[in-house]
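> entry_4.cif (mmCIF, C-alpha atoms) pasted underneath:
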data_model
loop_
_atom_site.label_atom_id
_atom_site.label_comp_id
_atom_site.auth_asym_id
_atom_site.auth_seq_id
_atom_site.Cartn_x
_atom_site.Cartn_y
_atom_site.Cartn_z
CA MET O 8 169.21 200.24 -78.24
CA ASN O 9 171.48 201.86 -75.70
CA ILE O 10 169.91 204.33 -73.35
CA PHE O 11 173.29 205.79 -72.44
CA ARG O 12 173.81 207.18 -75.93
CA ALA O 13 172.42 210.53 -76.98
CA ASN O 14 171.19 208.95 -80.22
CA PHE O 15 168.64 206.88 -78.33
CA TRP O 16 167.07 209.96 -76.80
CA PHE O 17 167.02 211.95 -79.99
CA HIS O 18 165.48 208.99 -81.77
CA TYR O 19 162.52 208.99 -79.37
CA ALA O 20 162.32 212.78 -79.47
CA GLY O 21 161.16 212.29 -83.07
CA PRO O 22 157.34 212.37 -83.28
CA GLN O 23 156.88 209.11 -85.19
CA ALA O 24 159.06 207.00 -82.89
CA PHE O 25 157.52 208.60 -79.82
CA TYR O 26 154.01 207.98 -81.12
CA GLY O 27 154.69 204.25 -81.17
CA LEU O 28 156.46 204.22 -77.82
CA ALA O 29 153.68 206.21 -76.13
CA GLY O 30 151.08 203.85 -77.61
CA ARG O 31 152.81 200.86 -76.03
CA LEU O 32 153.35 202.58 -72.68
CA TRP O 33 150.06 204.31 -71.83
CA PRO O 34 147.99 201.15 -71.22
CA CYS O 35 150.63 199.91 -68.73
CA PHE O 36 150.50 203.17 -66.78
CA ALA O 37 146.70 203.22 -66.86
CA ALA O 38 146.56 199.68 -65.46
CA LEU O 39 149.05 200.58 -62.71
CA ALA O 40 147.00 203.67 -61.82
CA ALA O 41 143.82 201.58 -61.52
CA VAL O 42 145.42 198.98 -59.25
CA LEU O 43 147.11 201.56 -57.01
CA GLY O 44 143.92 203.64 -56.85
CA VAL O 45 141.81 200.70 -55.65
CA TRP O 46 144.49 199.71 -53.16
CA GLY O 47 144.91 203.26 -51.85
CA LEU O 48 141.16 203.85 -51.50
CA TRP O 49 140.82 200.53 -49.72
CA LEU O 50 143.47 201.52 -47.16
CA GLY O 51 142.08 205.03 -46.85
CA PHE O 52 138.41 204.17 -46.45
CA MET O 53 138.27 200.62 -45.16
CA VAL O 54 141.41 200.11 -43.10
CA ALA O 55 142.64 203.45 -41.73
CA PRO O 56 141.01 204.36 -38.42
CA ALA O 57 139.34 207.71 -37.67
CA ASP O 58 141.63 210.59 -36.74
CA ALA O 59 141.85 211.55 -33.07
CA GLN O 60 141.08 215.24 -33.73
CA GLN O 61 139.22 215.37 -37.03
CA GLY O 62 137.20 212.16 -36.84
CA GLU O 63 136.27 210.80 -40.28
CA GLY O 64 136.60 214.23 -41.88
CA TYR O 65 140.35 213.87 -42.24
CA ARG O 66 139.85 211.29 -45.02
CA ILE O 67 139.81 214.16 -47.50
CA ILE O 68 143.59 213.95 -47.09
CA PHE O 69 143.69 210.87 -49.34
CA VAL O 70 142.72 213.02 -52.29
CA HIS O 71 143.67 216.55 -51.22
CA VAL O 72 147.38 215.99 -50.61
CA PRO O 73 148.01 213.83 -53.72
CA VAL O 74 146.16 216.22 -56.08
CA SER O 75 148.03 219.18 -54.60
CA TRP O 76 151.38 217.45 -55.11
CA MET O 77 150.42 216.61 -58.68
CA SER O 78 149.42 220.20 -59.42
CA MET O 79 152.97 221.28 -58.47
CA VAL O 80 154.82 218.34 -60.03
CA ILE O 81 153.04 218.78 -63.37
CA TYR O 82 153.99 222.45 -63.52
CA LEU O 83 157.62 221.54 -62.89
CA ALA O 84 157.37 218.89 -65.61
CA MET O 85 156.06 221.57 -68.00
CA ALA O 86 159.00 223.81 -67.08
CA PHE O 87 161.38 220.90 -67.65
CA TRP O 88 160.01 220.19 -71.15
CA SER O 89 160.08 223.89 -71.91
CA VAL O 90 163.76 224.18 -71.03
CA LEU O 91 164.48 221.17 -73.26
CA GLY O 92 162.38 222.68 -76.03
CA LEU O 93 164.08 226.07 -75.95
CA THR O 94 167.54 224.45 -75.68
CA PHE O 95 167.36 221.70 -78.29
CA ASN O 96 164.44 223.03 -80.34
CA THR O 97 162.82 219.58 -80.34
CA ARG O 98 159.25 219.49 -81.61
CA LEU O 99 158.13 216.97 -79.03
CA SER O 100 158.85 219.27 -76.06
CA GLY O 101 156.13 221.76 -76.89
CA MET O 102 153.64 218.98 -77.51
CA MET O 103 154.44 217.40 -74.12
CA THR O 104 154.08 220.74 -72.34
CA ARG O 105 150.70 221.30 -73.98
CA ALA O 106 149.55 217.77 -73.15
CA LEU O 107 150.44 218.27 -69.47
CA ALA O 108 148.66 221.60 -69.00
CA PRO O 109 144.98 220.51 -68.88
CA THR O 110 145.69 217.76 -66.36
CA GLY O 111 147.75 220.17 -64.24
CA ALA O 112 144.92 222.70 -64.31
CA MET O 113 142.49 219.99 -63.26
CA PHE O 114 144.64 218.96 -60.29
CA ALA O 115 145.12 222.59 -59.23
CA PHE O 116 141.36 223.07 -59.35
CA LEU O 117 140.82 219.86 -57.35
CA SER O 118 143.39 221.00 -54.80
CA LEU O 119 141.40 224.20 -54.23
CA TRP O 120 138.07 222.39 -54.30
CA THR O 121 138.96 219.62 -51.83
CA GLY O 122 140.81 222.19 -49.72
CA ALA O 123 137.65 224.31 -49.47
CA LEU O 124 135.61 221.26 -48.51
CA TRP O 125 138.17 220.43 -45.86
CA GLY O 126 138.54 223.99 -44.60
CA LYS O 127 134.83 224.54 -44.05
CA PRO O 128 134.29 221.89 -41.34
CA MET O 129 137.76 222.21 -39.75
CA TRP O 130 138.56 225.95 -39.94
CA GLY O 131 135.01 227.20 -40.32
CA THR O 132 135.65 228.83 -43.70
CA TRP O 133 135.80 227.73 -47.35
CA TRP O 134 138.56 230.14 -48.19
CA VAL O 135 141.11 232.50 -46.64
CA TRP O 136 143.55 234.75 -48.46
CA ASP O 137 146.61 233.24 -46.86
CA ALA O 138 149.92 232.37 -48.50
CA ARG O 139 149.32 228.67 -49.20
CA LEU O 140 145.84 229.07 -50.64
CA THR O 141 146.62 232.20 -52.62
CA SER O 142 149.79 230.78 -54.21
CA GLU O 143 147.89 227.63 -55.21
CA LEU O 144 145.21 229.84 -56.78
CA ILE O 145 147.95 231.64 -58.71
CA LEU O 146 149.19 228.25 -59.92
CA PHE O 147 145.69 227.48 -61.23
CA PHE O 148 145.67 230.82 -63.08
CA LEU O 149 149.13 230.11 -64.51
CA TYR O 150 147.79 226.88 -66.01
CA LEU O 151 144.80 228.71 -67.47
CA GLY O 152 147.08 231.46 -68.78
CA TYR O 153 149.34 228.90 -70.43
CA ILE O 154 146.38 227.18 -72.10
CA ALA O 155 144.83 230.48 -73.24
CA LEU O 156 148.11 231.83 -74.63
CA THR O 157 149.18 228.69 -76.50
CA SER O 158 145.76 228.19 -78.05
CA ALA O 159 145.53 231.85 -79.10
CA ILE O 160 148.70 231.73 -81.24
CA ASP O 161 148.07 230.20 -84.65
CA ASP O 162 151.68 229.38 -85.45
CA GLN O 163 152.11 226.26 -83.30
CA ARG O 164 155.87 226.47 -82.90
CA ARG O 165 155.64 230.13 -81.89
CA GLY O 166 152.88 229.18 -79.47
CA ASP O 167 155.15 226.50 -78.02
CA ARG O 168 157.93 229.01 -77.41
CA ALA O 169 155.64 231.64 -75.87
CA GLY O 170 154.11 228.97 -73.63
CA ALA O 171 157.57 227.75 -72.64
CA LEU O 172 158.30 231.19 -71.21
CA ILE O 173 155.17 231.13 -69.00
CA ALA O 174 156.01 227.59 -67.90
CA ILE O 175 159.59 228.48 -66.95
CA VAL O 176 158.92 231.85 -65.31
CA GLY O 177 155.81 230.56 -63.51
CA ALA O 178 157.79 227.66 -62.03
CA ILE O 179 159.10 230.15 -59.44
CA ASN O 180 155.65 229.90 -57.88
CA VAL O 181 156.01 226.17 -57.11
CA PRO O 182 158.61 226.43 -54.31
CA ILE O 183 156.65 229.41 -53.00
CA ILE O 184 153.57 227.18 -52.64
CA TYR O 185 155.58 224.41 -51.09
CA PHE O 186 157.40 226.52 -48.50
CA SER O 187 154.56 229.00 -47.90
CA VAL O 188 153.51 227.18 -44.73
CA LYS O 189 157.02 227.69 -43.34
CA TRP O 190 157.70 231.21 -44.57
CA TRP O 191 154.44 232.83 -43.54
CA ASN O 192 152.00 232.51 -40.70
CA THR O 193 149.10 230.60 -42.15
CA LEU O 194 145.97 228.76 -41.22
CA HIS O 195 147.12 225.86 -43.34
CA GLN O 196 148.93 223.08 -41.50
CA GLY O 197 152.57 222.23 -42.20
CA ALA O 198 153.79 219.53 -44.58
CA SER O 199 152.25 216.11 -43.97
CA VAL O 200 155.34 214.34 -45.21
CA SER O 201 158.84 215.75 -45.13
CA LEU O 202 162.22 214.39 -46.11
CA THR O 203 163.97 215.61 -43.00
CA LYS O 204 161.77 214.19 -40.27
CA SER O 205 159.57 211.14 -39.87
CA PRO O 206 155.96 211.68 -40.96
CA SER O 207 153.54 213.05 -38.39
CA MET O 208 150.84 210.55 -39.27
CA ALA O 209 150.04 206.88 -38.66
CA GLN O 210 151.63 204.30 -40.97
CA VAL O 211 148.42 203.10 -42.59
CA MET O 212 147.22 206.66 -43.28
CA LEU O 213 150.58 207.49 -44.78
CA TRP O 214 150.50 204.43 -47.03
CA GLY O 215 146.98 205.17 -48.18
CA MET O 216 148.06 208.67 -49.12
CA LEU O 217 151.25 207.57 -50.88
CA LEU O 218 149.38 204.93 -52.90
CA MET O 219 146.86 207.56 -54.00
CA ALA O 220 149.74 209.86 -54.95
CA MET O 221 151.29 207.10 -57.08
CA CYS O 222 147.88 206.39 -58.62
CA PHE O 223 147.59 210.04 -59.73
CA TRP O 224 151.18 210.00 -61.04
CA PHE O 225 150.50 207.01 -63.27
CA TYR O 226 147.09 208.36 -64.28
CA THR O 227 148.78 211.57 -65.40
CA ILE O 228 151.51 209.76 -67.32
CA ALA O 229 148.98 207.53 -69.07
CA LEU O 230 146.68 210.41 -69.98
CA VAL O 231 149.49 212.70 -71.14
CA LEU O 232 150.95 209.97 -73.36
CA PHE O 233 147.49 209.36 -74.81
CA ARG O 234 146.90 213.07 -75.39
CA VAL O 235 150.30 213.74 -76.92
CA ARG O 236 149.64 211.01 -79.49
CA THR O 237 146.61 212.97 -80.69
CA THR O 238 148.70 216.12 -80.92
CA ILE O 239 151.41 214.28 -82.87
CA LEU O 240 148.84 213.00 -85.39
CA GLN O 241 147.50 216.52 -85.78
CA ARG O 242 150.86 218.18 -86.34
CA GLU O 243 152.25 215.44 -88.57
CA SER O 244 149.05 215.04 -90.58
CA HIS O 245 150.93 215.87 -93.82
CA THR O 246 153.08 212.73 -93.49
CA ALA O 247 152.46 209.35 -95.06
CA TRP O 248 152.67 207.45 -91.78
CA VAL O 249 149.87 209.48 -90.17
CA GLN O 250 147.76 209.00 -93.29
CA ALA O 251 148.28 205.25 -92.99
CA ILE O 252 147.21 205.29 -89.34
CA ALA O 253 144.09 207.35 -90.04
CA GLN O 254 142.97 204.99 -92.78
CA GLU O 255 143.82 201.91 -90.74
CA ALA O 256 141.67 203.14 -87.84
CA ALA O 257 138.60 203.46 -90.08
CA MET C 22 136.37 196.32 -40.94
CA ILE C 23 136.05 199.77 -39.38
CA TRP C 24 132.38 200.36 -40.37
CA ASP C 25 129.34 198.73 -38.82
CA SER C 26 126.95 199.59 -41.66
CA TRP C 27 126.74 201.28 -45.04
CA ASN C 28 124.87 204.11 -43.41
CA GLN C 29 127.80 204.79 -41.17
CA PHE C 30 130.14 204.62 -44.14
CA TRP C 31 128.20 207.19 -46.18
CA ASN C 32 127.68 209.42 -43.16
CA MET C 33 131.44 209.66 -42.45
CA GLY C 34 130.83 210.72 -38.86
CA GLY C 35 128.85 213.75 -40.01
CA TYR C 36 131.47 214.82 -42.58
CA GLY C 37 129.79 212.93 -45.43
CA LEU C 38 129.05 216.03 -47.52
CA TYR C 39 132.68 217.19 -47.37
CA VAL C 40 134.36 213.82 -47.83
CA TRP C 41 132.08 212.61 -50.64
CA GLY C 42 131.98 216.07 -52.19
CA SER C 43 135.77 215.88 -52.51
CA MET C 44 135.86 212.31 -53.79
CA GLY C 45 132.91 212.73 -56.14
CA VAL C 46 134.19 215.84 -57.89
CA THR C 47 137.68 214.33 -58.21
CA VAL C 48 136.33 211.16 -59.83
CA ALA C 49 134.01 213.19 -62.08
CA CYS C 50 136.84 215.48 -63.27
CA MET C 51 139.06 212.53 -64.08
CA ALA C 52 136.25 210.72 -65.92
CA ILE C 53 135.46 213.83 -67.99
CA GLU C 54 139.14 214.30 -68.80
CA VAL C 55 139.55 210.73 -70.02
CA TRP C 56 136.34 210.95 -72.06
CA GLN C 57 137.51 214.24 -73.60
CA ALA C 58 140.91 212.83 -74.55
CA ARG C 59 139.31 209.83 -76.26
CA LEU C 60 136.78 212.03 -78.05
CA ALA C 61 139.51 214.37 -79.31
CA ARG C 62 141.42 211.45 -80.83
CA LYS C 63 138.31 210.02 -82.49
CA GLN C 64 137.30 213.40 -83.91
CA LEU C 65 140.79 214.07 -85.24
CA LEU C 66 140.99 210.70 -86.98
CA THR C 67 137.57 211.27 -88.58
CA GLN C 68 138.60 214.73 -89.69
CA LEU C 69 141.93 213.52 -91.09
CA ARG C 70 140.26 210.74 -93.07
CA ALA C 71 137.85 213.23 -94.59
CA GLU C 72 140.76 215.48 -95.58
CA TYR C 73 142.78 212.65 -97.11
CA GLU C 74 139.81 211.41 -99.11
CA GLY C 75 139.21 214.93 -100.35
CA ASN C 76 142.76 214.94 -101.67
CA LEU C 77 142.45 211.72 -103.62
#
How does this structure look as structure tokens?


Amino acid sequence: MNIFRANFWFHYAGPQAFYGLAGRLWPCFAALAAVLGVWGLWLGFMVAPADAQQGEGYRIIFVHVPVSWMSMVIYLAMAFWSVLGLTFNTRLSGMMTRALAPTGAMFAFLSLWTGALWGKPMWGTWWVWDARLTSELILFFLYLGYIALTSAIDDQRRGDRAGALIAIVGAINVPIIYFSVKWWNTLHQGASVSLTKSPSMAQVMLWGMLLMAMCFWFYTIALVLFRVRTTILQRESHTAWVQAIAQEAA
Amino acid sequence: MIWDSWNQFWNMGGYGLYVWGSMGVTVACMAIEVWQARLARKQLLTQLRAEYEGNL
């Protein structure tokens, strides 16, 4: 097994090999997500002090920022798999993109939901049509559009390719969301964490938020691996190995 | 410990509805998603077994 050889990667791009690999990996990621989630919530709710301006209300940050990051990261991951799928015509790529979409939609919804619950007490409104909020709403609709389109096309491989186009074209929206607070005047505050300057928040708050972000990352990986295994079984149901698994699980 | 009582914890300095509304819906969505993924796998395996047995 040599990860520096193309053969290794094409081996695991095959559904049967990937099914086994994903089955070994997802419990590890799920366990990591659980540990990091407990740790992050502990820091966020039991250790971090109240905020000077927002009191205890700021604690929504421990879920709002991580879910918003995930909603963007997952869309980029879908675009990445779509590029691979259209380039190499690997079957796994479309399945991975499809497995990512529901979780991405969920995080986009949660970003809007927790944002509304944060906006109401701090800005005095659940919603404003400003650049950050509107572009995140568009991201949510892109996820729904992807899911609707791919499930409406009966030929799965054609559905994969049509979906790949939405995933790739829609990815333009992700940097727009990210930079919207810089490019336009908006009610939404600037980035909480940036690569170019030190974070504008206390250490323990920052750690709580980063741990929650890692928790959601690992949760997503675990769930997507689990979900893609189901899709693999479905699409490979004509093969002997899937038949063996189905009868074994009885 | 930063809280004096459970009451204070749940009240969140008056922001309880907003903080717990965010946390609660997030946890609920994730729980539903996990449950759905497990159900989909179980249903597929049941369906596949029925198909294979029909073929025998």

> Using all atoms listed in the file, which residues sit within 7 Å of Gly64 (chain O) once same-chain residues fewer than 5 positions away are excluded, as a ChimeraX atom specification?

/C:33,36,40

> Output the contact residues of chain C with respect to chain O at a cut-off of 7 Å, based on only C-alpha atoms, as an MDAnalysis selection string.

chainID C and resid 22:23 33:34 36 39:40 43 47 58 62 66 69:70

> Starting from the point (157.2, 211.3, -84.5), work out which residues of protein, DNA or RNA have an atom no more than 12 Å away when counting only C-alpha atoms; state them as a PyMOL selection string.

chain O and resi 17-30+97-100+102+235-244+246-249

> What residues come out when you apply the PyMOL selection byres ((chain O and resi 211) around 10) to this file, written as a list of chain:residue names?

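Selected by the PyMOL selection byres ((chain O and resi 211) around 10) in this file: O:Gly47, O:Leu50, O:Gly51, O:Val54, O:Ala55, O:Pro56, O:Met208, O:Ala209, O:Gln210, O:Met212, O:Leu213, O:Trp214, O:Gly215, O:Met216, O:Leu217.
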
> Convert the output of the PyMOL selection byres ((chain O and resi 165-169) around 8) on the shown file into explicit residues, formatted as a PDB file with C-alpha atoms, keeping the file's coordinate frame.


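Dumped everything to part_2.pdb:
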ATOM      1  CA  SER O  89     160.080 223.890 -71.910  1.00  0.00           C
ATOM      2  CA  GLY O  92     162.380 222.680 -76.030  1.00  0.00           C
ATOM      3  CA  LEU O  93     164.080 226.070 -75.950  1.00  0.00           C
ATOM      4  CA  GLY O 101     156.130 221.760 -76.890  1.00  0.00           C
ATOM      5  CA  MET O 102     153.640 218.980 -77.510  1.00  0.00           C
ATOM      6  CA  ARG O 105     150.700 221.300 -73.980  1.00  0.00           C
ATOM      7  CA  LEU O 156     148.110 231.830 -74.630  1.00  0.00           C
ATOM      8  CA  THR O 157     149.180 228.690 -76.500  1.00  0.00           C
ATOM      9  CA  SER O 158     145.760 228.190 -78.050  1.00  0.00           C
ATOM     10  CA  ALA O 159     145.530 231.850 -79.100  1.00  0.00           C
ATOM     11  CA  ILE O 160     148.700 231.730 -81.240  1.00  0.00           C
ATOM     12  CA  ASP O 161     148.070 230.200 -84.650  1.00  0.00           C
ATOM     13  CA  ASP O 162     151.680 229.380 -85.450  1.00  0.00           C
ATOM     14  CA  GLN O 163     152.110 226.260 -83.300  1.00  0.00           C
ATOM     15  CA  ARG O 164     155.870 226.470 -82.900  1.00  0.00           C
ATOM     16  CA  GLY O 170     154.110 228.970 -73.630  1.00  0.00           C
ATOM     17  CA  ALA O 171     157.570 227.750 -72.640  1.00  0.00           C
ATOM     18  CA  LEU O 172     158.300 231.190 -71.210  1.00  0.00           C
ATOM     19  CA  ILE O 173     155.170 231.130 -69.000  1.00  0.00           C
TER      20      ILE O 173
END

> Take the PyMOL selection byres ((chain O and resi 146) around 12), run it mentally on this structure, and tell me the resulting residues as a PDB file with C-alpha atoms, in the frame of the given file.


ATOM      1  CA  SER O  75     148.030 219.180 -54.600  1.00  0.00           C
ATOM      2  CA  MET O  77     150.420 216.610 -58.680  1.00  0.00           C
ATOM      3  CA  SER O  78     149.420 220.200 -59.420  1.00  0.00           C
ATOM      4  CA  MET O  79     152.970 221.280 -58.470  1.00  0.00           C
ATOM      5  CA  VAL O  80     154.820 218.340 -60.030  1.00  0.00           C
ATOM      6  CA  ILE O  81     153.040 218.780 -63.370  1.00  0.00           C
ATOM      7  CA  TYR O  82     153.990 222.450 -63.520  1.00  0.00           C
ATOM      8  CA  LEU O  83     157.620 221.540 -62.890  1.00  0.00           C
ATOM      9  CA  ALA O 108     148.660 221.600 -69.000  1.00  0.00           C
ATOM     10  CA  GLY O 111     147.750 220.170 -64.240  1.00  0.00           C
ATOM     11  CA  ALA O 112     144.920 222.700 -64.310  1.00  0.00           C
ATOM     12  CA  MET O 113     142.490 219.990 -63.260  1.00  0.00           C
ATOM     13  CA  PHE O 114     144.640 218.960 -60.290  1.00  0.00           C
ATOM     14  CA  ALA O 115     145.120 222.590 -59.230  1.00  0.00           C
ATOM     15  CA  PHE O 116     141.360 223.070 -59.350  1.00  0.00           C
ATOM     16  CA  SER O 118     143.390 221.000 -54.800  1.00  0.00           C
ATOM     17  CA  LEU O 119     141.400 224.200 -54.230  1.00  0.00           C
ATOM     18  CA  ARG O 139     149.320 228.670 -49.200  1.00  0.00           C
ATOM     19  CA  LEU O 140     145.840 229.070 -50.640  1.00  0.00           C
ATOM     20  CA  THR O 141     146.620 232.200 -52.620  1.00  0.00           C
ATOM     21  CA  SER O 142     149.790 230.780 -54.210  1.00  0.00           C
ATOM     22  CA  GLU O 143     147.890 227.630 -55.210  1.00  0.00           C
ATOM     23  CA  LEU O 144     145.210 229.840 -56.780  1.00  0.00           C
ATOM     24  CA  ILE O 145     147.950 231.640 -58.710  1.00  0.00           C
ATOM     25  CA  PHE O 147     145.690 227.480 -61.230  1.00  0.00           C
ATOM     26  CA  PHE O 148     145.670 230.820 -63.080  1.00  0.00           C
ATOM     27  CA  LEU O 149     149.130 230.110 -64.510  1.00  0.00           C
ATOM     28  CA  TYR O 150     147.790 226.880 -66.010  1.00  0.00           C
ATOM     29  CA  LEU O 151     144.800 228.710 -67.470  1.00  0.00           C
ATOM     30  CA  GLY O 152     147.080 231.460 -68.780  1.00  0.00           C
ATOM     31  CA  TYR O 153     149.340 228.900 -70.430  1.00  0.00           C
ATOM     32  CA  ILE O 173     155.170 231.130 -69.000  1.00  0.00           C
ATOM     33  CA  ALA O 174     156.010 227.590 -67.900  1.00  0.00           C
ATOM     34  CA  VAL O 176     158.920 231.850 -65.310  1.00  0.00           C
ATOM     35  CA  GLY O 177     155.810 230.560 -63.510  1.00  0.00           C
ATOM     36  CA  ALA O 178     157.790 227.660 -62.030  1.00  0.00           C
ATOM     37  CA  ILE O 179     159.100 230.150 -59.440  1.00  0.00           C
ATOM     38  CA  ASN O 180     155.650 229.900 -57.880  1.00  0.00           C
ATOM     39  CA  VAL O 181     156.010 226.170 -57.110  1.00  0.00           C
ATOM     40  CA  PRO O 182     158.610 226.430 -54.310  1.00  0.00           C
ATOM     41  CA  ILE O 183     156.650 229.410 -53.000  1.00  0.00           C
ATOM     42  CA  ILE O 184     153.570 227.180 -52.640  1.00  0.00           C
ATOM     43  CA  TYR O 185     155.580 224.410 -51.090  1.00  0.00           C
TER      44      TYR O 185
END

> What does the distance between CA of Gln60 (chain O) and CA of Trp46 (chain O) come to in Å, to one decimal place?

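A separation of 25.1 Å between them.
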
> Using Å and a single decimal, report how far CA of Ala52 (chain C) sits from CA of Ala37 (chain O).

12.9 Å

> What does the distance from CA of Ala229 (chain O) to CA of Gln57 (chain C) come to in Å, to one decimal?

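Separating CA of Ala229 (chain O) from CA of Gln57 (chain C) is a distance of 14.0 Å.
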
> For region 175-185 of chain O, I'd like the enclosing box, axis-aligned and padded by 3 Å on every side, reported as lines of an AutoDock Vina configuration file with centre and edge lengths in Å to one decimal.


center_x = 156.6
center_y = 228.1
center_z = -59.0
size_x = 12.0
size_y = 13.4
size_z = 21.9
